[in-house]
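In what follows, a structure is listed as structure tokens, so that the remarks can point back to it.
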Amino acid sequence: MPEITYLEGIRLGLQRLMRERPEVVLYGEDVGAFGGAFKVTLGLQEEFGKDRVFDTPISESAILGSAVGMATQGLRPVVELQFVDFGMTAVHHLLNNAATTHYRTGIPVPMTVRAPCGGGFGGGPFHSEELESLFCLMPGLKVVYPAFPSDARGLIYSSVMDPNPVVFLENKYLYRHVKEIVPQSFEPVPLGAARVCRAGRDAVVLTYGAMVHEALRAAEQLASDGGYEVMVVDLRTLKPYDADTVLTAVAATNRVLIAHEGWRTNGFGAELSALVADRAFHLLDAPVRRVAAPDVPVPFAPELENAYRPNADKIATALLELMEY
Amino acid sequence: MPEITYLEGIRLGLQRLMRERPEVVLYGEDVGAFGGAFKVTLGLQEEFGKDRVFDTPISESAILGSAVGMATQGLRPVVELQFVDFGMTAVHHLLNNAATTHYRTGIPVPMTVRAPCGGGFGGGPFHSEELESLFCLMPGLKVVYPAFPSDARGLIYSSVMDPNPVVFLENKYLYRHVKEIVPQSFEPVPLGAARVCRAGRDAVVLTYGAMVHEALRAAEQLASDGGYEVMVVDLRTLKPYDADTVLTAVAATNRVLIAHEGWRTNGFGAELSALVADRAFHLLDAPVRRVAAPDVPVPFAPELENAYRPNADKIATALLELMEY
Amino acid sequence: MSKKAAKAEVGAVGKAAWLAIMRSMMLARLAEERLVRLYHQGKIFGGVYTGIGQEAIGAATTAACGEHDLFTPCIRNMTVHLGRGECVLNVFRQYLGRATGPTRGRDGNVHYGNMKNGVYAMISHLGAMLPVLVGGVMARRRRGMDTVGIAYIGDGATSTGDFHEAVNFAAVNDVPVIFLIENNKYAYSTPNSDQFRCKRLADRAAGYGIEGVCADGNDAVGLHLLTRELVAGLRAKPRAMLMECDTLRMRGHGEHDDASYVPRELVEEYAKRDPIRAAWERLMKEGVVPREALDQLERACREEVDRAYHQALNEPPPDPATLLDGVYADA
Amino acid sequence: MSKKAAKAEVGAVGKAAWLAIMRSMMLARLAEERLVRLYHQGKIFGGVYTGIGQEAIGAATTAACGEHDLFTPCIRNMTVHLGRGECVLNVFRQYLGRATGPTRGRDGNVHYGNMKNGVYAMISHLGAMLPVLVGGVMARRRRGMDTVGIAYIGDGATSTGDFHEAVNFAAVNDVPVIFLIENNKYAYSTPNSDQFRCKRLADRAAGYGIEGVCADGNDAVGLHLLTRELVAGLRAKPRAMLMECDTLRMRGHGEHDDASYVPRELVEEYAKRDPIRAAWERLMKEGVVPREALDQLERACREEVDRAYHQALNEPPPDPATLLDGVYADA
Ligand SMILES: Cc1ncc(C[n+]2csc(CCOP(=O)(O)OP(=O)(O)O)c2C)c(N)n1
Ligand SMILES: Cc1ncc(C[n+]2csc(CCOP(=O)(O)OP(=O)(O)O)c2C)c(N)n1
Ligand SMILES: [Mg+2]
Ligand SMILES: [Mg+2]
């Protein structure tokens with residue numbers, strides 16, 4: 001069984017899709033021969049030709065808008081935003097065009113927007129953003145955010161095959177930092193299903209993206225230091241999210257920590273917390289806490305970015321506080 | 001003392017600012033002689049000239065971007081988005097340009113973006129959106145949303161005088177539907193301060209914008225029907241929000257309902273709920289509930305929009321449920 | 001083109017085609033006049049936005065296209081919908097927010113389409129349908145269809161970033177789309193002089209390396225002949241192009257707007273060039289369509305509008321219980 | 001212009017001005033070469049993006065401007081910063097994320113500015129600084145300054161909606177801004193042919209009703225003379241304009257990119273037209289600046305870069321305790 005990175009997981013998923021489905025096309029800035037800024041699509045133009053894998057002008061509106069047009073005419077476009085940050089120049093195409101089309105007209109819009117997110121490598125304020133909560137606001141959109149190579153591969157497959165517009169978030173830090181030994185062939189990973197990555201009875205960390213790995217590290221630490229057994233739930237799909245798995249986890253642990261890499265105020269953690277405060281209030285033995293980035297632009301210098309970015313230590317500290325509540 | 005509408009409140013605030021402050025300029029699509037789509041700026045070009053009040057091409061990026069440029073060169077631009085919905089074509093100027101400038105460079109950006117929001121008049125999916133939670137995600141931005149004519153007047157004044165970029169949300173339904181008798185002269189209303197609009201000890205409704213009035217109606221109804229005394233807190237500023245007033249209200253009532261006109265998932269109510277679940281967990285006698293719009297595009301037909309839009313009845317029902325918890 | 005040649009060409013198009021164009025224009029005019037009345041009687045929820053005075057553009061251009069072509073109409077393009085086969089009944093259903101209408105009451109007034117006819121339902125964000133059309137045409141062509149597209153867009157909307165990105169994207173990819181600018185001199189209250197500085201918006205074509213043409217937007221006959229030629233050219237050699245049509249918005253931006261900012265002389269000038277009357281007279285004069293046929297057509301249109309309105313009026317509004325249905329398409 | 005007239009003009013500009021231009025170019029080249037080395041030694045956090053081969057543009061154009069003028073440089077415009085008075089020490093502080101640097105470590109590499117010099121710090125979103133500059137120039141002029149602006153922008157970034165909106169907005173409002181397109185043939189890996197279809201990007205000017213000029217971006221002398229003329233013209237009669245400068249990106253998009261997609265012949269062609277060598281030779285040949293002055297300048301620049309780097313290296317990084325400070329400006 002091969003060992004693949006997160007990035008390779010996405011590429012393998014795309015490759016299989018393009019082999020199986022002639023209606024899948026892939027485009028964006030520099031995604032062709034160059035393989036994209038992060039090389040996720042490397043080799044795909046060579047295998048599938050310029051007709052199916054092509055470069056575009058620097059025009060996020062044209063990219064997202066044309067994908068809506070294609071998706072309503074029998075193709076399954078997969079477009080890449082070079083960084084999720086730059087998608088902010090064309091948000092109306094997601095919120096208003098892609099996401100409302102089926103509700104208004106009954107026409108499905110099977111398009112996928114791949115968007116590299118997150119920091120941890122000195123990208124500074126405009127190449128490190130985490131904007132999932134902004135996409136999660138939009139009715140009609142699906143939002144997916146894998147944490148593992150296998151999920152990256154299986155979820156990109158399901159995202160592209162879904163008849164709805166999907167924002168597929170990719171964590172840049174994870175691209176080459178996580179590896180996994182996986183079987184050559186794979187089943188698609190269903191959208192909307194969270195996964196319990198670690199069992200535990202003392203508390204649960206609800207998380208996704210890069211913070212899944214930090215939460216797992218924190219849980220290990222608490223297990224060896226304090227003997228606490230912390231459950232870790234990887235949401236995987238953020239919209240629509242898997243409330244059942246979340247509520248089951250809360251029922252099993254009675255203590256909830258939410259961890260994400262993006263900003264705290266109105267981050268996606270707020271939604272998870274609100275869900276718990278509404279539907280699992282009676283199960284809680286402690287406040288619902290969030291470990292998230294502070295409300296400041298993502299700073300560049302490593303000294304600042306380390307202070308800014310949530311990590312295993314911050315999660316462990318918050319967990320201990322919760323335990324002691 | 002004159003009776004003014006919400007819309008006139010904004011206009012009077014702008015007029016006073018322009019009289020007192022030569023550095024205030026006002027522009028946007030059709031805001032000049034025409035007075036804007038809703039006539040908020042009617043008469044201002046006549047009084048202050050085309051140099052200070054002017055029309056622009058249909059270019060939201062140019063409008064927002066140029067305001068950043070002006071605000072960093074000694075002016076206080078106030079720009080109007082014809083509808084908040086259309087601001088989605090240029091979100092990067094708020095999130096990345098306006099909101100990060102002071103943090104990155106130390107240069108203040110005293111600009112105000114006026115944005116008509118909300119539905120209730122058959123505007124359909126693209127003229128009725130409530131997008132406050134999206135703006136509330138952005139570090140460095142302030143977000144203001146008045147509910148009363150006096151607050152509209154006093155808050156627009158403070159927003160324009162604030163050295164930071166402010167998104168000033170205006171509720172279109174309230175423009176002509178709420179009136180208030182106010183003194184001719186006024187004190188600016190400080191940003192960041194919520195207001196208890198109605199005292200009560202049995203529960204609190206945390207709300208803002210059009211839903212303040214619905215919450216007040218619901219509270220009246222509960223007072224006369226069930227003898228419950230429901231407190232209503234109008235947030236007024238959503239970012240940075242007044243956590244102290246919220247937490248004091250929770251401590252006084254032990255039951256919390258959050259009500260807003262916009263979508264439920266990741267709406268601003270999620271943040272308020274998360275605040276309460278974290279900081280006031282020990283004070284709660286019941287789950288934190290949200291009354292919000294369902295996660296569907298804002299529908300056009302009155303039969304659908306009435307079902308879609310939160311109102312006094314829905315708030316009252318949710319309150320009763322909370323009381324009986 | 002000589003007068004004689006033009007006349008011959010008009011004849012070659014044939015009576016049926018001209019009658020179809022006249023029909024779209026008349027139906028639209030009558031339907032919109034009815035909607036205007038209903039609005040001022042307080043019988044319409046939301047706004048009413050008409051294309052009165054601009055009917056030639058949608059009617060003449062859609063009639064020059066084929067079955068698989070694609071269109072993104074704007075707010076003043078009822079004749080695009082009708083020209084592509086939409087029934088006027090659906091127009092009233094849409095305006096009245098009926099469950100039976102094209103958006104089942106979920107969207108209102110001009111925000112409808114019909115993919116059977118190759119017509120996209122617009123979103124309000126100006127310019128935003130342009131890249132959608134470009135993508136749609138690319139997709140159909142990839143699937144083997146000989147599709148050409150026409151994107152209708154106002155003078156004001158040419159100032160949006162989306163306009164620029166879409167035209168450039170289509171130009172680079174040789175996508176056969178006509179970006180048809182209806183220059184009706186105003187964007188809401190904003191005149192051309194506050195919107196752009198070039199003499200003609202067609203001048204933008206050079207900057208995209210594509211062809212730009214100007215046309216009289218109130219001359220249905222000339223416009224139809226020209227569009228036939230252009231569409232044939234685009235099919236033969238796929239490429240994007242700009243087309244600017246001169247016209248005037250003859251009413252307010254919407255019916256809530258009295259348009260008092262438009263100089264009276266301008267309105268009078270264009271009133272003399274009413275597209276329906278102009279086409280009527282020319283087709284009669286050149287002997288391609290007899291007066292009786294036109295009179296008869298007008299009567300039929302009046303009846304159709306009347307019937308459609310009353311039928312729509314009696315149809316049911318959407319059931320609030322359906323509010324949550326169909327946000328997502330089922331797998 | 002005749003050779004003789006050109007020579008006279010070069011003389012009229014004066015030795016000091018030419019030396020200043022040469023200094024910006026040399027300093028930038030040496031600083032960037034140092035940064036390149038540091039990057040490949042793994043001593044830089046984040047990326048390194050250089051303007052090697054494009055130094056003439058920023059140096060020659062800023063030198064043609066006045067105290068109150070405004071600028072929005074892009075990623076390849078170290079010579080704009082230096083030309084407007086930024087010290088190379090600040091450049092290293094910025095790259096090394098020092099607390100003492102222009103953004104105090106909050107932003108990195110090319111994302112800095114200095115309002116003292118009229119230079120905005122760019123955000124990364126391509127095109128987004130253009131409307132900012134337009135607004136800045138409008139504001140300064142309203143406040144009585146005779147400000148002109150230059151917005152630097154890449155060939156790729158002309159495809160953004162922001163480019164279009166900003167140019168149109170400036171044109172309509174007669175804002176004296178030169179939109180200076182540095183056509184270095186590539187946007188990351190994407191060549192001009194996949195970016196636009198017009199022959200020259202200056203052809204876009206007509207579509208905005210403004211003037212467009214083309215210039216050799218590797219000829220600092222010619223560019224400086226031209227810009228002096230243009231800036232004087234814009235001050236006399238405020239208006240927007242486009243200027244396209246022909247050049248080539250001589251390294252990868254960033255130092256992580258080996259640019260193997262750029263044909264070798266193209267690189268060789270432009271290597272022969274290195275802007276620093278070209279200006280050096282011409283200024284010597286025309287006798288305005290003696291070789292010794294240039295030699296001396298180069299030595300001084302080398303020392304300055306060396307000193308700056310070592311000083312920056314020894315300065316402190318930001319204190320994590322300041323992370324939350326200054327998100328908002330205090331009232
Ligand atoms: C991006 C965006 N900004 C603003 C608006 C509000 N708006 C709707 S129609 C209109 C004027 C459109 O003018 P034009 O494009 O000339 O079309 P016309 O109405 O004249 O047919 C404006 C400003 C919008 N719909 N979209
Ligand atoms: C809106 C936006 N989309 C994408 C990017 C990613 N990006 C950064 S630089 C670049 C290429 C820029 O090319 P060009 O404008 O020609 O400038 P050059 O690098 O050649 O100087 C791209 C695609 C971005 N910064 N902003
Ligand atoms: Mg118009
Ligand atoms: Mg370039």
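Every chain in the structure tokens takes a letter, A first, then B, and so on in the order presented; its residues are numbered from 1, and the ligands are numbered from 1 following the presented order.
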Inset, instruction - Specify as a ChimeraX atom specification all residues of chain C found within 9 Å of chain B, counting only C-alpha atoms. - result: /C:45-47,96-98,104-108,123-126,156-162,187-190,194-196,261,317-327
Inset, instruction - List all protein, DNA and RNA residues that have an atom no more than 9 Å from any atom of ligand 3, counting only C-alpha atoms and all ligand atoms, and report them as a ChimeraX atom specification. - result: /C:153-157,181-188,190-192,248-249,253
Determine which residues of chain B sit within 9 Å of chain A, taking into account only C-alpha atoms, and present them as an mmCIF file with N, CA and C atoms, in the first residue's frame.
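As written to disk, part_32.cif reads:
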data_model
loop_
_atom_site.group_PDB
_atom_site.id
_atom_site.type_symbol
_atom_site.label_atom_id
_atom_site.label_comp_id
_atom_site.auth_asym_id
_atom_site.auth_seq_id
_atom_site.Cartn_x
_atom_site.Cartn_y
_atom_site.Cartn_z
ATOM 1 N N SER B 61 -15.899 47.689 -6.240
ATOM 2 C CA SER B 61 -14.487 47.625 -5.872
ATOM 3 C C SER B 61 -13.868 49.016 -5.904
ATOM 4 N N ASP B 85 -26.110 43.350 -0.474
ATOM 5 C CA ASP B 85 -25.902 42.188 -1.333
ATOM 6 C C ASP B 85 -24.808 42.441 -2.371
ATOM 7 N N PHE B 86 -24.779 43.654 -2.921
ATOM 8 C CA PHE B 86 -23.851 43.938 -4.015
ATOM 9 C C PHE B 86 -22.434 44.184 -3.520
ATOM 10 N N GLY B 87 -22.317 44.419 -2.237
ATOM 11 C CA GLY B 87 -20.986 44.542 -1.648
ATOM 12 C C GLY B 87 -20.191 43.250 -1.761
ATOM 13 N N MET B 88 -20.891 42.140 -1.992
ATOM 14 C CA MET B 88 -20.212 40.838 -2.092
ATOM 15 C C MET B 88 -19.285 40.757 -3.302
ATOM 16 N N THR B 89 -19.396 41.702 -4.220
ATOM 17 C CA THR B 89 -18.480 41.718 -5.363
ATOM 18 C C THR B 89 -17.116 42.290 -4.985
ATOM 19 N N ALA B 90 -16.973 42.806 -3.765
ATOM 20 C CA ALA B 90 -15.729 43.516 -3.424
ATOM 21 C C ALA B 90 -15.347 43.323 -1.959
ATOM 22 N N VAL B 91 -15.639 42.159 -1.442
ATOM 23 C CA VAL B 91 -15.406 41.873 -0.027
ATOM 24 C C VAL B 91 -13.925 42.010 0.351
ATOM 25 N N HIS B 92 -13.045 41.741 -0.606
ATOM 26 C CA HIS B 92 -11.607 41.820 -0.302
ATOM 27 C C HIS B 92 -11.192 43.216 0.154
ATOM 28 N N HIS B 93 -11.882 44.231 -0.307
ATOM 29 C CA HIS B 93 -11.500 45.577 0.134
ATOM 30 C C HIS B 93 -11.822 45.804 1.599
ATOM 31 N N LEU B 95 -12.268 43.080 4.007
ATOM 32 C CA LEU B 95 -11.515 42.107 4.807
ATOM 33 C C LEU B 95 -10.016 42.385 4.772
ATOM 34 N N ASN B 96 -9.496 42.655 3.606
ATOM 35 C CA ASN B 96 -8.040 42.716 3.470
ATOM 36 C C ASN B 96 -7.475 44.129 3.423
ATOM 37 N N ALA B 99 -9.655 46.624 6.632
ATOM 38 C CA ALA B 99 -9.602 46.103 8.002
ATOM 39 C C ALA B 99 -8.191 45.824 8.493
ATOM 40 N N THR B 100 -7.260 45.572 7.583
ATOM 41 C CA THR B 100 -5.917 45.205 8.046
ATOM 42 C C THR B 100 -4.934 46.378 8.043
ATOM 43 N N TYR B 103 -3.485 47.639 11.459
ATOM 44 C CA TYR B 103 -2.662 46.609 12.107
ATOM 45 C C TYR B 103 -1.310 46.463 11.411
ATOM 46 N N ARG B 104 -1.340 46.519 10.094
ATOM 47 C CA ARG B 104 -0.095 46.322 9.338
ATOM 48 C C ARG B 104 0.797 47.552 9.329
ATOM 49 N N PRO B 125 -34.167 37.135 -3.421
ATOM 50 C CA PRO B 125 -32.885 36.636 -2.904
ATOM 51 C C PRO B 125 -31.719 37.623 -2.952
ATOM 52 N N PHE B 126 -31.762 38.612 -3.826
ATOM 53 C CA PHE B 126 -30.574 39.441 -4.044
ATOM 54 C C PHE B 126 -30.736 40.883 -3.588
ATOM 55 N N LEU B 131 -26.081 40.231 6.052
ATOM 56 C CA LEU B 131 -24.746 39.637 5.959
ATOM 57 C C LEU B 131 -23.828 40.054 7.096
ATOM 58 N N SER B 133 -22.936 38.752 9.802
ATOM 59 C CA SER B 133 -21.999 37.800 10.408
ATOM 60 C C SER B 133 -20.739 37.680 9.574
ATOM 61 N N LEU B 134 -20.889 37.874 8.289
ATOM 62 C CA LEU B 134 -19.745 37.838 7.387
ATOM 63 C C LEU B 134 -18.794 39.003 7.694
ATOM 64 N N PHE B 135 -19.352 40.166 7.930
ATOM 65 C CA PHE B 135 -18.498 41.307 8.276
ATOM 66 C C PHE B 135 -17.902 41.136 9.679
ATOM 67 N N CYS B 136 -18.682 40.502 10.554
ATOM 68 C CA CYS B 136 -18.209 40.351 11.934
ATOM 69 C C CYS B 136 -17.014 39.419 12.046
ATOM 70 N N LEU B 137 -16.785 38.628 11.015
ATOM 71 C CA LEU B 137 -15.612 37.757 11.024
ATOM 72 C C LEU B 137 -14.317 38.552 10.864
ATOM 73 N N MET B 138 -14.384 39.733 10.292
ATOM 74 C CA MET B 138 -13.177 40.420 9.807
ATOM 75 C C MET B 138 -12.476 41.243 10.884
ATOM 76 N N PRO B 139 -11.293 40.801 11.312
ATOM 77 C CA PRO B 139 -10.565 41.550 12.336
ATOM 78 C C PRO B 139 -10.196 42.943 11.815
ATOM 79 N N GLY B 140 -10.495 43.945 12.607
ATOM 80 C CA GLY B 140 -10.161 45.310 12.216
ATOM 81 C C GLY B 140 -11.345 46.114 11.729
ATOM 82 N N LYS B 239 -19.696 44.455 16.157
ATOM 83 C CA LYS B 239 -18.261 44.208 16.285
ATOM 84 C C LYS B 239 -17.564 45.515 16.568
ATOM 85 N N TRP B 263 -29.593 34.451 8.276
ATOM 86 C CA TRP B 263 -29.556 33.000 8.338
ATOM 87 C C TRP B 263 -29.033 32.491 9.674
ATOM 88 N N ARG B 264 -29.526 31.307 10.006
ATOM 89 C CA ARG B 264 -29.191 30.691 11.275
ATOM 90 C C ARG B 264 -27.742 30.188 11.315
ATOM 91 N N THR B 265 -27.387 29.337 10.348
ATOM 92 C CA THR B 265 -26.067 28.702 10.426
ATOM 93 C C THR B 265 -24.968 29.738 10.259
ATOM 94 N N ASN B 266 -24.144 29.802 11.301
ATOM 95 C CA ASN B 266 -23.057 30.775 11.326
ATOM 96 C C ASN B 266 -23.520 32.228 11.241
ATOM 97 N N GLY B 267 -24.761 32.458 11.546
ATOM 98 C CA GLY B 267 -25.210 33.836 11.709
ATOM 99 C C GLY B 267 -24.571 34.463 12.939
ATOM 100 N N PHE B 268 -24.794 35.750 13.140
ATOM 101 C CA PHE B 268 -24.162 36.404 14.286
ATOM 102 C C PHE B 268 -24.703 35.851 15.603
ATOM 103 N N GLY B 269 -25.875 35.295 15.564
ATOM 104 C CA GLY B 269 -26.436 34.664 16.750
ATOM 105 C C GLY B 269 -25.574 33.532 17.271
ATOM 106 N N ALA B 270 -24.875 32.873 16.374
ATOM 107 C CA ALA B 270 -23.995 31.785 16.797
ATOM 108 C C ALA B 270 -22.908 32.339 17.712
ATOM 109 N N GLU B 271 -22.373 33.492 17.346
ATOM 110 C CA GLU B 271 -21.327 34.093 18.174
ATOM 111 C C GLU B 271 -21.875 34.464 19.548
ATOM 112 N N LEU B 272 -23.048 35.055 19.571
ATOM 113 C CA LEU B 272 -23.629 35.438 20.858
ATOM 114 C C LEU B 272 -23.887 34.202 21.713
ATOM 115 N N SER B 273 -24.389 33.174 21.084
ATOM 116 C CA SER B 273 -24.652 31.942 21.811
ATOM 117 C C SER B 273 -23.356 31.355 22.355
ATOM 118 N N ALA B 274 -22.313 31.393 21.540
ATOM 119 C CA ALA B 274 -21.024 30.847 21.972
ATOM 120 C C ALA B 274 -20.456 31.654 23.135
ATOM 121 N N LEU B 275 -20.662 32.951 23.086
ATOM 122 C CA LEU B 275 -20.213 33.782 24.210
ATOM 123 C C LEU B 275 -20.891 33.348 25.499
ATOM 124 N N VAL B 276 -22.196 33.197 25.407
ATOM 125 C CA VAL B 276 -22.971 32.829 26.595
ATOM 126 C C VAL B 276 -22.584 31.428 27.075
ATOM 127 N N ALA B 277 -22.452 30.499 26.132
ATOM 128 C CA ALA B 277 -22.126 29.117 26.505
ATOM 129 C C ALA B 277 -20.756 29.038 27.163
ATOM 130 N N ASP B 278 -19.894 29.956 26.822
ATOM 131 C CA ASP B 278 -18.560 29.962 27.409
ATOM 132 C C ASP B 278 -18.558 30.718 28.742
ATOM 133 N N ARG B 279 -19.003 31.960 28.711
ATOM 134 C CA ARG B 279 -18.793 32.840 29.854
ATOM 135 C C ARG B 279 -19.949 32.868 30.859
ATOM 136 N N ALA B 280 -21.119 32.372 30.472
ATOM 137 C CA ALA B 280 -22.249 32.446 31.400
ATOM 138 C C ALA B 280 -22.916 31.095 31.589
ATOM 139 N N PHE B 281 -22.161 30.055 31.282
ATOM 140 C CA PHE B 281 -22.695 28.703 31.371
ATOM 141 C C PHE B 281 -23.352 28.432 32.731
ATOM 142 N N HIS B 282 -22.652 28.861 33.776
ATOM 143 C CA HIS B 282 -23.110 28.585 35.135
ATOM 144 C C HIS B 282 -24.384 29.349 35.486
ATOM 145 N N ALA B 286 -31.593 27.225 31.103
ATOM 146 C CA ALA B 286 -32.218 26.614 29.925
ATOM 147 C C ALA B 286 -31.246 26.715 28.758
ATOM 148 N N PRO B 287 -31.497 25.947 27.716
ATOM 149 C CA PRO B 287 -30.630 26.039 26.536
ATOM 150 C C PRO B 287 -30.664 27.450 25.951
ATOM 151 N N VAL B 288 -29.626 27.793 25.227
ATOM 152 C CA VAL B 288 -29.611 29.056 24.497
ATOM 153 C C VAL B 288 -30.230 28.788 23.130
ATOM 154 N N ARG B 289 -31.302 29.484 22.871
ATOM 155 C CA ARG B 289 -32.000 29.226 21.611
ATOM 156 C C ARG B 289 -31.821 30.378 20.638
ATOM 157 N N ARG B 290 -31.929 30.058 19.352
ATOM 158 C CA ARG B 290 -31.864 31.109 18.328
ATOM 159 C C ARG B 290 -33.138 31.138 17.491
ATOM 160 N N PRO B 294 -34.294 30.521 8.277
ATOM 161 C CA PRO B 294 -33.778 29.200 7.893
ATOM 162 C C PRO B 294 -32.721 29.363 6.801
ATOM 163 N N ASP B 295 -31.926 28.350 6.624
ATOM 164 C CA ASP B 295 -30.827 28.411 5.650
ATOM 165 C C ASP B 295 -31.318 28.193 4.225
ATOM 166 N N VAL B 296 -32.062 29.166 3.742
ATOM 167 C CA VAL B 296 -32.501 29.137 2.339
ATOM 168 C C VAL B 296 -32.364 30.558 1.798
ATOM 169 N N PRO B 297 -32.165 30.689 0.484
ATOM 170 C CA PRO B 297 -32.129 32.046 -0.086
ATOM 171 C C PRO B 297 -33.413 32.790 0.274
ATOM 172 N N PRO B 299 -36.716 34.162 -0.049
ATOM 173 C CA PRO B 299 -37.691 33.983 -1.130
ATOM 174 C C PRO B 299 -38.514 35.251 -1.381
#
Legend entry - chain C residues near chain D (9 Å cut-off, only C-alpha atoms) as a ChimeraX atom specification: /C:159-165,168-169,171-173,193-210
Inset, instruction - Tell me which protein, DNA and RNA residues are within 6 Å of segment 264-281 of chain C, counting only C-alpha atoms, leaving out same-chain ones fewer than 3 positions away, and put them as JSON, numbers by chain. - result: {"C": [56, 218, 219, 284, 285]}
Inset, instruction - Give me every helix (DSSP H, G or I) residue in segment 161-308 of chain D, going by DSSP on the backbone, as an NGL selection string. - result: :D and (161-172 or 192-194 or 201-208 or 220-236 or 264-271 or 275-285 or 291-308)
Step one, run DSSP on the backbone; step two, keep only residues of segment 14-148 of chain C assigned to strand (DSSP E or B); then write them as a PDB file with all heavy atoms, in the first residue's frame.
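Final output, selection.pdb:
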ATOM      1  N   LEU C  70     -27.300  30.088 -26.320  1.00  0.00           N
ATOM      2  CA  LEU C  70     -27.530  30.417 -24.910  1.00  0.00           C
ATOM      3  C   LEU C  70     -27.600  31.934 -24.698  1.00  0.00           C
ATOM      4  O   LEU C  70     -26.918  32.689 -25.390  1.00  0.00           O
ATOM      5  CB  LEU C  70     -26.398  29.847 -24.043  1.00  0.00           C
ATOM      6  CG  LEU C  70     -26.449  28.355 -23.718  1.00  0.00           C
ATOM      7  CD1 LEU C  70     -25.171  27.934 -22.972  1.00  0.00           C
ATOM      8  CD2 LEU C  70     -27.675  28.021 -22.856  1.00  0.00           C
ATOM      9  N   PHE C  71     -28.345  32.325 -23.680  1.00  0.00           N
ATOM     10  CA  PHE C  71     -28.634  33.744 -23.472  1.00  0.00           C
ATOM     11  C   PHE C  71     -28.669  34.087 -21.990  1.00  0.00           C
ATOM     12  O   PHE C  71     -29.190  33.319 -21.187  1.00  0.00           O
ATOM     13  CB  PHE C  71     -29.996  34.092 -24.095  1.00  0.00           C
ATOM     14  CG  PHE C  71     -30.084  33.704 -25.529  1.00  0.00           C
ATOM     15  CD1 PHE C  71     -30.405  32.405 -25.893  1.00  0.00           C
ATOM     16  CD2 PHE C  71     -29.791  34.626 -26.522  1.00  0.00           C
ATOM     17  CE1 PHE C  71     -30.441  32.023 -27.221  1.00  0.00           C
ATOM     18  CE2 PHE C  71     -29.823  34.254 -27.866  1.00  0.00           C
ATOM     19  CZ  PHE C  71     -30.156  32.944 -28.210  1.00  0.00           C
ATOM     20  N   THR C  72     -28.126  35.249 -21.659  1.00  0.00           N
ATOM     21  CA  THR C  72     -28.330  35.788 -20.313  1.00  0.00           C
ATOM     22  C   THR C  72     -28.969  37.164 -20.441  1.00  0.00           C
ATOM     23  O   THR C  72     -28.281  38.160 -20.662  1.00  0.00           O
ATOM     24  CB  THR C  72     -27.008  35.889 -19.523  1.00  0.00           C
ATOM     25  OG1 THR C  72     -26.001  36.465 -20.348  1.00  0.00           O
ATOM     26  CG2 THR C  72     -26.551  34.535 -19.037  1.00  0.00           C
ATOM     27  N   ASN C 114     -35.340  30.000 -18.502  1.00  0.00           N
ATOM     28  CA  ASN C 114     -35.937  28.752 -18.930  1.00  0.00           C
ATOM     29  C   ASN C 114     -34.877  28.001 -19.729  1.00  0.00           C
ATOM     30  O   ASN C 114     -34.593  28.364 -20.862  1.00  0.00           O
ATOM     31  CB  ASN C 114     -37.170  29.035 -19.790  1.00  0.00           C
ATOM     32  CG  ASN C 114     -38.030  27.804 -19.942  1.00  0.00           C
ATOM     33  OD1 ASN C 114     -37.511  26.681 -19.953  1.00  0.00           O
ATOM     34  ND2 ASN C 114     -39.316  27.999 -20.053  1.00  0.00           N
ATOM     35  N   VAL C 119     -32.165  29.935 -21.856  1.00  0.00           N
ATOM     36  CA  VAL C 119     -32.161  31.257 -21.217  1.00  0.00           C
ATOM     37  C   VAL C 119     -31.908  31.108 -19.715  1.00  0.00           C
ATOM     38  O   VAL C 119     -32.680  30.459 -19.004  1.00  0.00           O
ATOM     39  CB  VAL C 119     -33.494  31.990 -21.455  1.00  0.00           C
ATOM     40  CG1 VAL C 119     -33.486  33.350 -20.755  1.00  0.00           C
ATOM     41  CG2 VAL C 119     -33.735  32.172 -22.949  1.00  0.00           C
TER      42      VAL C 119
END
